[in-house]
Number of protein chains: 2
Amino acid sequence: MIQKILNSTKEQAIQDYFKLLSFPSVSSEKNYEKALLECADWLQEYLKKMGLKVQRWQTPGQPTLFATYEKDKSLPTLLIYNHYDVQPIDPLDKWESPPFEPTVKEGQVYARGAQDNKGQLFSVLWALQALLKKEGTLPINIKLCIEGEEEVGSKGLAAILNEKKDELKSDYLAVVDVGIPDRNTPAVTLGVRGIVTMEVEVCGSSTDLHSGTHGGIVFNPIHALVKMLASLRDEEGKITIPGFYDQIREVQNKGLLSLDFNLEKYQQIVGASPTGGERQLTPFERAWLRPTLEINGIYGGYTGQGFKTVIPAKAYAKISCRLVPDQNPKRMASLVAEHLKKIAPPGIQVAVLIHSGGGTAVQANPSSKIVEAFSKSYAEAFGTECKKVFDGGSIPIVSELAKTSGAEVVLVGLGLIGDQIHAPNEHFGLDRLEQGAWIIARAIELLGVYPGQLHENDLS
Amino acid sequence: MIQKILNSTKEQAIQDYFKLLSFPSVSSEKNYEKALLECADWLQEYLKKMGLKVQRWQTPGQPTLFATYEKDKSLPTLLIYNHYDVQPIDPLDKWESPPFEPTVKEGQVYARGAQDNKGQLFSVLWALQALLKKEGTLPINIKLCIEGEEEVGSKGLAAILNEKKDELKSDYLAVVDVGIPDRNTPAVTLGVRGIVTMEVEVCGSSTDLHSGTHGGIVFNPIHALVKMLASLRDEEGKITIPGFYDQIREVQNKGLLSLDFNLEKYQQIVGASPTGGERQLTPFERAWLRPTLEINGIYGGYTGQGFKTVIPAKAYAKISCRLVPDQNPKRMASLVAEHLKKIAPPGIQVAVLIHSGGGTAVQANPSSKIVEAFSKSYAEAFGTECKKVFDGGSIPIVSELAKTSGAEVVLVGLGLIGDQIHAPNEHFGLDRLEQGAWIIARAIELLGVYPGQLHENDLS
């Protein structure tokens, strides 16, 4: 029944999805702000047309759209989290089609946000539209929380969470912003890592210097930077910063991992070998259950065409740490910053800017109703057992949203490792857009009649 | 007499110098090529008007202007080397006045090339004009070799040197492209270091990756790059690349150094401490008589405003080595390149592009006539003993030009450590422009009557 409705509404849905993708709602760069707000306007209107009650929450940052469908107070309430902002598009020259003009190639839609998170968000909207079309109503209470600053740390929404506590109160929280291990393997995600980000500035002189006149005299700040950064990990891949692992138990929840790392497929998809991180752990343990420190950007000196024999005054790095439960973002960033200052070579000044907007890690209750409902929905959609996994990424707002709403959390979605989110040529399959809508609709129905009054053929 | 003529021609000279500075003749970037050729056109015409015979040598790169004044074959011939190309202007936002609009502040002319090398070149042109005005002729034969690719390694001129061997044949070669230790200390420069430059590309995956999903799995190429680069020098500041010091004797010509390093002044001028390079040597020994390896640029990942949680596919560095006599540029670059490939971490591919246009080091005969003539001229101009120094920079063409011309070489000029050549806000004093012209004119007269028939007051 749901599938029939999805079939009959597909053309319009894709059109609406493409419209959503056409807004360059990049949250990290000021000059995209107008486009981001236009995206919020369009979405606000769209949610209203769907029959939801819509609030536009002003925040110290970008607005959050909060849309509700109140069925009956005695029924459970599901809060669904998504975001309408996207990552920057740089490097633009690597895109094979314009990032804000959705382009379909072999069933895949290429655009910034095609998957993360506009594609997954649209699956939610399509699911609700299909359920409303089917019954004229929804089986439970629904609250949508769609924010505009996920890619920059959700500062705005985080700042107003407490004052919105009553409105956010829910039984379940589904964060529709993650993926599955591969196209044939369904999985619910039980946790994401926390994150904190910072920028390091290393200064060696008051002005750029000629590398002939001064080479051998001054300490080149690029040398200082590479020396300092290289010293942050040992030969075993462990972070050497004192206290980095102090707050955490050795590899938590290892027992839950039911998925094997497929080396051949990984190499094929990302063209890389799993040679990073801590040597004695498996790739998934490293990416899901352990903290990391990654250099996400480095620059200094002459980086243009040709050559310039300069010793720059300064050199810079952008660093992020992914965190696991019990690691506090601020405390971890301070550890890193203090250590970097401590190991500066003589003659070198170090400044560290810790970005606000970090977040703690989340790990879900693996036997909650929301985990069970989605596991069942996924299993039906794929015709195979649903795995339990984690995600190495971070959705900083999730732990706070779970706390504030009082809800049991699960993370779901149909992202794939090859979707190139946060990279050029991000894409999402139209088949997954539709399957995502089916899975969400089915899970909502399951939550409405739980435990088990629903038959397979009700949803056929 | 010369001084009087310089006084009377000053206004026109400054006007002509400013015109020369107004051409953005940046040789390292293709989009400046038209301006560079316009600069050559203007200079060609200017030399002709001075009464010189001018040839425009086409090369595989940019043209070299070759201008001669043939006095008498029995008299000595002085070849003077300069260049009309300049360094890039990046970072433009650090310039306090437009780099190609000469701006005078407190007697200093601010412009790209104000000193390196258009200022020093103009001192030569002004000196010749003054001598011609004084006597209607010059005391010796003069050859000017003014090239357009010094800042990118002089490839064009180097390629045609052999076919121009007869024309370049000279007794003396004055390279007017260096400096003095400070405004009150005259010095002739007995040598420059050689140089070779290269670019390193480190690749970890076939595409940029999300640092959450992949952080801890792949080897981040920025981590690989900093680890590799950091390992290139030990705690004593020595380069660790096997064979790096094999070709050289321990600190050559140390005995010639007659100048003390002024720590306080150095810190004041460049805002840096002399904490780089080999610990057991003095700053001047390190900069003048020892090879270095400097990272002149590094980049990878996200370097824009804000933050992007990316693990880039690739990271890059630009590296130069300064060389001392007996070190071959190609051989040294190969050493570095092979070593970098050898120390690549597992899963990381390394490619090294060695730039052509490197040059060997030069060390002059400290008791040649040309060294003596300039030492005397400097001493008279400053009223104090002329020091003998070296320059840590490189003028790759000098050793080949000395070989081809068969001339005894000296390096001269009035550059100061605070001139910010190769950096934003490059500048040169109008007092030095004029004093430079005087010193060159005087040295030419000394070479004409050598040994010692000239009296002080002939030049008053």
# chains A, B, ... in the order shown; residues from 1 in each chain; ligands from 1
>>> residues_around(residues="A:Glu96", least_positions_apart="5", cutoff="9 Å", atoms="only C-alpha atoms", output="list in words")
Tyr110, Pro424 and Asn425 of chain A
>>> write_last_selection(atoms="N, CA, C and O atoms", output="PDB file, in the first residue's frame")
ATOM      1  N   TYR A 110      23.660  13.610  -8.382  1.00  0.00           N
ATOM      2  CA  TYR A 110      24.896  14.293  -7.973  1.00  0.00           C
ATOM      3  C   TYR A 110      24.582  15.728  -7.573  1.00  0.00           C
ATOM      4  O   TYR A 110      24.090  16.506  -8.388  1.00  0.00           O
ATOM      5  N   PRO A 424      33.881  16.364  -3.248  1.00  0.00           N
ATOM      6  CA  PRO A 424      33.286  16.647  -4.555  1.00  0.00           C
ATOM      7  C   PRO A 424      32.473  15.445  -5.057  1.00  0.00           C
ATOM      8  O   PRO A 424      32.766  14.298  -4.703  1.00  0.00           O
ATOM      9  N   ASN A 425      31.468  15.728  -5.887  1.00  0.00           N
ATOM     10  CA  ASN A 425      30.627  14.707  -6.513  1.00  0.00           C
ATOM     11  C   ASN A 425      29.835  13.858  -5.521  1.00  0.00           C
ATOM     12  O   ASN A 425      29.629  12.660  -5.721  1.00  0.00           O
TER      13      ASN A 425
END
>>> residues_around(residues="A:Gln55", least_positions_apart="2", cutoff="8 Å", atoms="only C-alpha atoms", output="list in words")
Lys53, Trp57, Leu65, Phe66 and Ala67 of chain A
>>> write_last_selection(atoms="N, CA, C and O atoms", output="CSV table (one decimal), in the first residue's frame")
chain,number,residue,atom,x,y,z
A,53,LYS,N,2.1,21.4,11.6
A,53,LYS,CA,2.1,22.7,12.3
A,53,LYS,C,3.6,23.1,12.3
A,53,LYS,O,4.4,22.4,12.8
A,57,TRP,N,12.1,28.3,14.6
A,57,TRP,CA,12.8,28.7,15.8
A,57,TRP,C,14.0,29.6,15.5
A,57,TRP,O,15.0,29.2,14.8
A,65,LEU,N,13.7,24.6,11.9
A,65,LEU,CA,12.3,24.4,11.6
A,65,LEU,C,11.8,23.3,12.4
A,65,LEU,O,12.4,22.2,12.5
A,66,PHE,N,10.7,23.5,13.2
A,66,PHE,CA,10.2,22.5,14.1
A,66,PHE,C,8.7,22.3,13.6
A,66,PHE,O,7.9,23.2,13.7
A,67,ALA,N,8.4,21.1,13.1
A,67,ALA,CA,7.1,20.8,12.6
A,67,ALA,C,6.5,19.7,13.3
A,67,ALA,O,7.2,18.7,13.6
>>> closest_residue(among="A:Arg331, A:Lys227, A:Lys318, A:Arg279", to="B:Gly304", atoms="only C-alpha atoms")
A:Lys318
>>> closest_residue(among="B:His210, B:Lys169, B:Arg233, B:Lys403", to="A:Ser320", atoms="only C-alpha atoms")
B:His210
>>> residues_around(residues="B:Ala114", least_positions_apart="4", cutoff="7 Å", atoms="only C-alpha atoms", output="VMD selection string")
chain B and resid 21 109 to 110 118 to 119 426 to 428
>>> write_last_selection(atoms="all heavy atoms", output="tab-separated table (two decimals), in the first residue's frame")
chain	number	residue	atom	x	y	z
B	21	LEU	N	59.67	50.15	-12.24
B	21	LEU	CA	58.98	49.41	-11.17
B	21	LEU	C	57.49	49.20	-11.48
B	21	LEU	O	56.85	48.32	-10.90
B	21	LEU	CB	59.08	50.18	-9.85
B	21	LEU	CG	60.46	50.23	-9.20
B	21	LEU	CD1	60.43	51.12	-7.97
B	21	LEU	CD2	60.94	48.83	-8.84
B	109	VAL	N	61.42	53.48	-1.12
B	109	VAL	CA	60.49	53.23	-2.21
B	109	VAL	C	59.89	51.83	-2.02
B	109	VAL	O	60.62	50.84	-2.00
B	109	VAL	CB	61.19	53.29	-3.57
B	109	VAL	CG1	60.20	53.03	-4.70
B	109	VAL	CG2	61.86	54.65	-3.75
B	110	TYR	N	58.57	51.77	-1.85
B	110	TYR	CA	57.88	50.49	-1.67
B	110	TYR	C	57.31	50.00	-3.00
B	110	TYR	O	56.49	50.69	-3.61
B	110	TYR	CB	56.75	50.63	-0.65
B	110	TYR	CG	57.28	50.76	0.77
B	110	TYR	CD1	57.75	51.98	1.25
B	110	TYR	CD2	57.35	49.63	1.61
B	110	TYR	CE1	58.26	52.09	2.53
B	110	TYR	CE2	57.86	49.74	2.90
B	110	TYR	CZ	58.32	50.96	3.35
B	110	TYR	OH	58.84	51.08	4.61
B	118	LYS	N	65.24	45.47	-9.58
B	118	LYS	CA	65.12	46.66	-10.42
B	118	LYS	C	65.85	47.87	-9.81
B	118	LYS	O	66.37	48.71	-10.55
B	118	LYS	CB	63.66	46.97	-10.67
B	118	LYS	CG	63.00	45.97	-11.62
B	118	LYS	CD	61.50	46.21	-11.75
B	118	LYS	CE	60.89	45.29	-12.80
B	118	LYS	NZ	59.42	45.41	-12.84
B	119	GLY	N	65.88	47.95	-8.48
B	119	GLY	CA	66.59	49.05	-7.83
B	119	GLY	C	68.09	48.94	-8.09
B	119	GLY	O	68.75	49.91	-8.49
B	426	GLU	N	58.15	45.00	-0.03
B	426	GLU	CA	59.55	45.16	-0.44
B	426	GLU	C	59.86	46.65	-0.62
B	426	GLU	O	59.01	47.40	-1.11
B	426	GLU	CB	59.79	44.42	-1.78
B	426	GLU	CG	61.20	44.63	-2.31
B	426	GLU	CD	61.49	43.83	-3.58
B	426	GLU	OE1	60.65	43.02	-3.99
B	426	GLU	OE2	62.58	44.03	-4.16
B	427	HIS	N	61.05	47.05	-0.20
B	427	HIS	CA	61.42	48.45	-0.37
B	427	HIS	C	62.92	48.63	-0.53
B	427	HIS	O	63.71	47.73	-0.23
B	427	HIS	CB	60.89	49.29	0.79
B	427	HIS	CG	61.36	48.82	2.14
B	427	HIS	ND1	60.76	47.80	2.82
B	427	HIS	CD2	62.39	49.23	2.91
B	427	HIS	CE1	61.39	47.61	3.98
B	427	HIS	NE2	62.39	48.46	4.05
B	428	PHE	N	63.30	49.83	-1.01
B	428	PHE	CA	64.71	50.18	-1.26
B	428	PHE	C	64.84	51.67	-1.04
B	428	PHE	O	63.95	52.44	-1.40
B	428	PHE	CB	65.06	49.81	-2.71
B	428	PHE	CG	66.53	49.83	-3.04
B	428	PHE	CD1	67.46	49.16	-2.24
B	428	PHE	CD2	67.00	50.49	-4.17
B	428	PHE	CE1	68.81	49.15	-2.56
B	428	PHE	CE2	68.36	50.48	-4.50
B	428	PHE	CZ	69.27	49.82	-3.70
>>> residues_around(residues="stretch 242-245 of chain B", least_positions_apart="6", cutoff="9 Å", atoms="only C-alpha atoms", output="ChimeraX atom specification")
/B:291,327,332,335-336,339
>>> closest_residue(among="B:Gly418, B:Gly191, B:Gly271, B:Gly156", to="chain A", atoms="only C-alpha atoms")
B:Gly271
>>> select_by_dssp(residues="stretch 44-230 of chain B", states="helix (DSSP H, G or I)", output="PyMOL selection string")
chain B and resi 44-49+92-94+118-135+150-152+155-160+162-168+221-230
>>> residues_around(residues="A:Pro99", least_positions_apart="6", cutoff="12 Å", atoms="only C-alpha atoms", output="PyMOL selection string")
chain A and resi 18+21-26+86-93+109-114+421-427
